[in-house]
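Below: one structure, written as structure tokens.
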Amino acid sequence: CLSLLWLAACPAEAPSAARPAASQAPAAQTPSLTRIRVGLAIPSYVHAVVWIGHEKQHFQAEGLASEVQVLGGSAATLRALIADAIEVGIAGGDSVVKANRAGAELVVVGGLVDRFYHRLVVPSSIKTAQDLRGKSLGLAILGGPQEVAARYALESCGLTPGEDVKIRSMGREFNRLAALSRGEVHATVSQTPPARLAELGLRVLVDLPSLEVRFPYAVVVTRRSFLKEHPERVRAFLAGLTRAIAFYKDVANKAESIEIVGRYLSSSDTRAAAEERYRTGGPSMISSPPYPSEEGFRTVLKFLEIKDVQPADVLDLRLLDEVSGVTR
């Protein structure tokens with residue numbers, strides 16, 4: 001949906017179990033710190049780098065008192081931005097494009113993940129993509145980056161989404177994997193590591209993260225007005241985020257990173273499972289420095305069949321250039 005109704009109508013995926021209150025309540029402030037409210041589209045091992053920045057005080061080191069909350073999907077995150085409930089969001093770049101087409105004035109100032117994050121998963125009874133004809137695929141929500149990933153995967157297999165394969169909104173990944181195992185749907189997209197999927201009797205049909213396709217799965221977005229009025233706060237956030245990424249990617253910090261992430265995800269994973277999630281869907285997926293690519297946004301514009309918008313209309317990476325020391 002490319003009208004203002006898109007932001008109001010697209011349902012939000014319910015947040016996972018309660019996370020530590022330290023991230024939800026306003027951070028303790030001193031006269032030297034400036035508040036920054038950050039919204040995460042979903043809880044995941046890549047969005048978790050913001051929790052690491054919060055817990056390890058990387059944002060505080062840049063003069064910011066960070067408040068972090070999960071908002072239940074990219075559309076919900078962008079609604080919060082537009083309503084001035086947060087200053088910075090981590091959401092899908094495709095959602096930013098659609099919101100701006102609907103009249104929002106949002107701008108991407110950085111990028112965490114510049115490729116597809118989820119895999120197309122099926123039960124072992126599905127041997128080939130053609131076996132999905134006439135069957136259904138379950139998604140968390142419609143209208144977000146997971147739907148783009150699913151549609152891209154189906155089209156790459158010669159299937160037409162909505163015609164050859166019905167797409168259903170089914171909520172959280174746990175529910176979708178359970179429905180897949182029961183035969184209620186026949187495919188979904190998942191961030192669960194392949195080894196764990198195999199234990200559940202499921203398999204990866206299309207390994208989207210391994211494809212050489214750029215896609216702005218998770219970008220740093222703010223309002224153009226906020227960027228214009230408070231560039232120092234955006235610059236400080238990007239600097240803190242860059243510090244957090246460096247910490248997260250340092251293998252010497254793996255145990256501490258997994259412990260922080262585990263607390264916020266409220267996961268019941270075993271240690272081995274948590275390490276597998278960290279390895280396959282954590283810091284290795286994150287760009288460093290955190291740049292989105294114009295190629296990724298061209299993927300989005302082509303997929304959405306939008307011809308009158310260019311990547312430069314969505315991106316403003318000047319502050320990230322300053323933080324990263326990049327000369328263009």
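Within each chain, counting starts at residue 1; across the structure tokens, chains are named A, B, ... in the order shown, with ligands numbered 1 upward in that order.
Residue neighbourhood of Pro289 in chain A, excluding near-sequence residues (fewer than 2 positions): Thr242, Ser287, Tyr291 and Ser324 of chain A, at 8 Å, using only C-alpha atoms.
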Report task. May I have the residues within 12 Å of Val251 in chain A as a PyMOL selection string, using only C-alpha atoms and disregarding those fewer than 5 positions away in the same chain? Result -> chain A and resi 245-246+256-258+275+278-279+282-284
Query raised in the report: Where in range 5-220 of chain A does DSSP assign strand (DSSP E or B), given as a ChimeraX atom specification?
Result: /A:34-40,64-70,88-91,106-115,119-123,135-139,161,165-169,187-190,202-206,214-220
Query - Nearest candidate to Val206 in chain A (options A:Tyr45, A:Phe297, A:Tyr117, A:Phe303; using only C-alpha atoms) - result: A:Tyr117
Which polymer residues have any atom within 12 Å of an atom of Asn175 in chain A, counting only C-alpha atoms, with same-chain residues fewer than 2 positions away left out, as a short mmCIF file (atom, residue, chain, number, x, y, z; two decimals) with all heavy atoms, in the first residue's frame?
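Printed below is part_1.cif as written:
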```cif
data_model
loop_
_atom_site.label_atom_id
_atom_site.label_comp_id
_atom_site.auth_asym_id
_atom_site.auth_seq_id
_atom_site.Cartn_x
_atom_site.Cartn_y
_atom_site.Cartn_z
N GLU A 13 4.03 -6.75 14.04
CA GLU A 13 4.31 -8.02 14.68
C GLU A 13 4.45 -7.77 16.17
O GLU A 13 5.11 -6.85 16.61
CB GLU A 13 5.61 -8.61 14.13
CG GLU A 13 5.96 -9.94 14.77
CD GLU A 13 7.16 -10.61 14.12
OE1 GLU A 13 7.80 -9.97 13.29
OE2 GLU A 13 7.42 -11.76 14.49
N ALA A 14 3.81 -8.60 16.97
CA ALA A 14 3.86 -8.42 18.41
C ALA A 14 5.28 -8.56 18.91
O ALA A 14 6.00 -9.45 18.49
CB ALA A 14 2.98 -9.45 19.09
N SER A 16 8.46 -9.57 21.23
CA SER A 16 8.71 -10.81 21.95
C SER A 16 8.55 -10.57 23.43
O SER A 16 8.17 -9.50 23.88
CB SER A 16 10.13 -11.30 21.64
OG SER A 16 11.07 -10.39 22.14
N GLY A 138 3.59 -18.35 4.98
CA GLY A 138 3.25 -17.51 6.12
C GLY A 138 4.32 -16.49 6.42
O GLY A 138 5.51 -16.80 6.40
N LEU A 139 3.89 -15.25 6.68
CA LEU A 139 4.81 -14.15 7.01
C LEU A 139 4.44 -13.56 8.36
O LEU A 139 3.32 -13.72 8.84
CB LEU A 139 4.73 -13.04 5.95
CG LEU A 139 5.31 -13.35 4.57
CD1 LEU A 139 5.05 -12.16 3.65
CD2 LEU A 139 6.80 -13.63 4.65
N ALA A 140 5.40 -12.85 8.95
CA ALA A 140 5.14 -12.16 10.21
C ALA A 140 4.07 -11.09 9.99
O ALA A 140 3.04 -11.05 10.67
CB ALA A 140 6.41 -11.53 10.74
N SER A 169 -0.52 -13.51 6.51
CA SER A 169 0.08 -12.88 7.69
C SER A 169 -0.21 -13.74 8.90
O SER A 169 -1.38 -14.01 9.21
CB SER A 169 -0.49 -11.47 7.89
OG SER A 169 0.04 -10.88 9.05
N MET A 170 0.85 -14.17 9.61
CA MET A 170 0.66 -15.15 10.69
C MET A 170 1.39 -14.79 11.98
O MET A 170 1.40 -15.59 12.92
CB MET A 170 1.13 -16.53 10.22
CG MET A 170 0.37 -17.08 9.03
SD MET A 170 0.89 -18.74 8.59
CE MET A 170 0.36 -19.65 10.05
N GLY A 171 2.05 -13.64 12.05
CA GLY A 171 2.67 -13.26 13.32
C GLY A 171 4.06 -13.82 13.53
O GLY A 171 4.80 -14.08 12.58
N ARG A 172 4.41 -14.05 14.77
CA ARG A 172 5.78 -14.34 15.17
C ARG A 172 6.33 -15.61 14.54
O ARG A 172 5.61 -16.53 14.19
CB ARG A 172 5.86 -14.44 16.69
CG ARG A 172 5.56 -13.13 17.42
CD ARG A 172 5.50 -13.32 18.91
NE ARG A 172 6.73 -13.92 19.42
CZ ARG A 172 6.91 -14.29 20.69
NH1 ARG A 172 5.92 -14.14 21.55
NH2 ARG A 172 8.05 -14.82 21.07
N GLU A 173 7.67 -15.65 14.44
CA GLU A 173 8.34 -16.76 13.78
C GLU A 173 8.06 -18.09 14.46
O GLU A 173 7.88 -19.12 13.79
CB GLU A 173 9.85 -16.50 13.71
CG GLU A 173 10.61 -17.59 12.98
CD GLU A 173 12.01 -17.19 12.61
OE1 GLU A 173 12.25 -16.00 12.34
OE2 GLU A 173 12.87 -18.08 12.58
N LEU A 177 6.76 -21.29 12.32
CA LEU A 177 7.49 -22.56 12.21
C LEU A 177 6.63 -23.71 12.72
O LEU A 177 6.65 -24.82 12.16
CB LEU A 177 8.80 -22.48 12.99
CG LEU A 177 9.86 -21.52 12.42
CD1 LEU A 177 11.12 -21.55 13.27
CD2 LEU A 177 10.19 -21.85 10.97
N ALA A 178 5.86 -23.45 13.78
CA ALA A 178 4.96 -24.48 14.30
C ALA A 178 3.88 -24.81 13.26
O ALA A 178 3.55 -25.99 13.04
CB ALA A 178 4.32 -24.02 15.61
N ALA A 179 3.33 -23.77 12.62
CA ALA A 179 2.31 -23.98 11.59
C ALA A 179 2.90 -24.73 10.40
O ALA A 179 2.23 -25.57 9.79
CB ALA A 179 1.75 -22.64 11.14
N LEU A 180 4.16 -24.45 10.11
CA LEU A 180 4.83 -25.14 9.02
C LEU A 180 4.98 -26.62 9.34
O LEU A 180 4.72 -27.49 8.49
CB LEU A 180 6.21 -24.49 8.80
CG LEU A 180 6.92 -24.74 7.47
CD1 LEU A 180 6.10 -24.22 6.31
CD2 LEU A 180 8.29 -24.07 7.50
N SER A 181 5.36 -26.93 10.55
CA SER A 181 5.52 -28.32 10.97
C SER A 181 4.20 -29.07 10.96
O SER A 181 4.15 -30.28 10.69
CB SER A 181 6.14 -28.38 12.37
OG SER A 181 7.44 -27.81 12.38
N ARG A 182 3.09 -28.35 11.24
CA ARG A 182 1.76 -28.98 11.26
C ARG A 182 1.13 -29.07 9.88
O ARG A 182 0.06 -29.64 9.72
CB ARG A 182 0.83 -28.21 12.19
CG ARG A 182 1.22 -28.26 13.67
CD ARG A 182 0.09 -27.71 14.54
NE ARG A 182 -0.20 -26.31 14.25
CZ ARG A 182 0.31 -25.28 14.91
NH1 ARG A 182 1.18 -25.50 15.91
NH2 ARG A 182 -0.03 -24.04 14.61
N GLU A 184 0.02 -26.46 8.16
CA GLU A 184 -0.98 -25.42 7.97
C GLU A 184 -0.55 -24.42 6.90
O GLU A 184 -1.39 -23.77 6.28
CB GLU A 184 -1.25 -24.71 9.30
CG GLU A 184 -1.86 -25.64 10.35
CD GLU A 184 -1.94 -24.98 11.71
OE1 GLU A 184 -1.64 -23.78 11.81
OE2 GLU A 184 -2.32 -25.67 12.67
N VAL A 185 0.74 -24.24 6.74
CA VAL A 185 1.33 -23.51 5.62
C VAL A 185 2.47 -24.37 5.10
O VAL A 185 2.86 -25.36 5.73
CB VAL A 185 1.85 -22.10 6.02
CG1 VAL A 185 0.71 -21.17 6.38
CG2 VAL A 185 2.85 -22.19 7.16
N THR A 188 7.80 -20.44 4.77
CA THR A 188 7.88 -19.18 5.49
C THR A 188 9.29 -18.65 5.30
O THR A 188 10.14 -19.28 4.66
CB THR A 188 7.55 -19.35 6.99
OG1 THR A 188 7.43 -18.05 7.58
CG2 THR A 188 8.64 -20.12 7.73
N SER A 190 12.61 -17.26 7.55
CA SER A 190 13.06 -17.47 8.92
C SER A 190 14.49 -16.99 9.10
O SER A 190 15.32 -17.08 8.19
CB SER A 190 12.98 -18.97 9.26
OG SER A 190 13.58 -19.24 10.51
#
```
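For the choices A:Leu265, A:Ala75, A:Leu241, A:Val314, the atom-to-atom distance to Gly53 in chain A is smallest for A:Leu241 when using only C-alpha atoms.
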Report task. Using only C-alpha atoms, determine which residues lie at most 8 Å from Arg235 in chain A, disregarding the query and same-chain residues fewer than 3 positions distant; provide the list as JSON, numbers by chain. Result -> {"A": [231, 232, 238, 239, 319, 320, 323]}
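Counting only C-alpha atoms, the residue from A:Pro123, A:Gly262, A:Gly110, A:Gly92 that sits nearest to Glu147 in chain A is A:Gly92.
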Report task. Would you mind listing what lies within 12 Å of Ser210 in chain A as a VMD selection string, with only C-alpha atoms counted and same-chain residues fewer than 6 positions away left out? Result -> chain A and resid 114 to 120 204 280 to 281 284 to 285
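Counting only C-alpha atoms and comparing A:Tyr152, A:Gln57, A:Gly89, A:Ser225, the residue that lies closest to Pro209 in chain A is A:Tyr152.
Distances from A:Ala41, A:Gly296, A:Glu105, A:Val165 to Glu212 in chain A were compared using only C-alpha atoms, and the smallest one belongs to A:Gly296.
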Query raised in the report: Where does DSSP see alpha helix (DSSP H) in range 30-238 of chain A, if you list the residues as a ChimeraX atom specification?
Result: /A:48-55,74-82,93-101,145-156,173-182,194-199,224-229,231-238
Requested in this report: Please identify all polymer residues within 10 Å of Ala195 in chain A, counting only C-alpha atoms, omitting same-chain residues fewer than 4 positions from it, and present them as a VMD selection string.
Outcome: chain A and resid 199 to 200 202 to 204 273 276 to 277
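Closest approach to Gln310 in chain A among A:Glu87, A:Arg298, A:Thr77, A:Val261: A:Arg298, based on only C-alpha atoms.
Relative to CA of Gly39 in chain A, CA of Leu81 in chain A is found at 8.3 Å.
For the pair CA of Val68 in chain A and CA of Val108 in chain A, the separation is 18.5 Å.
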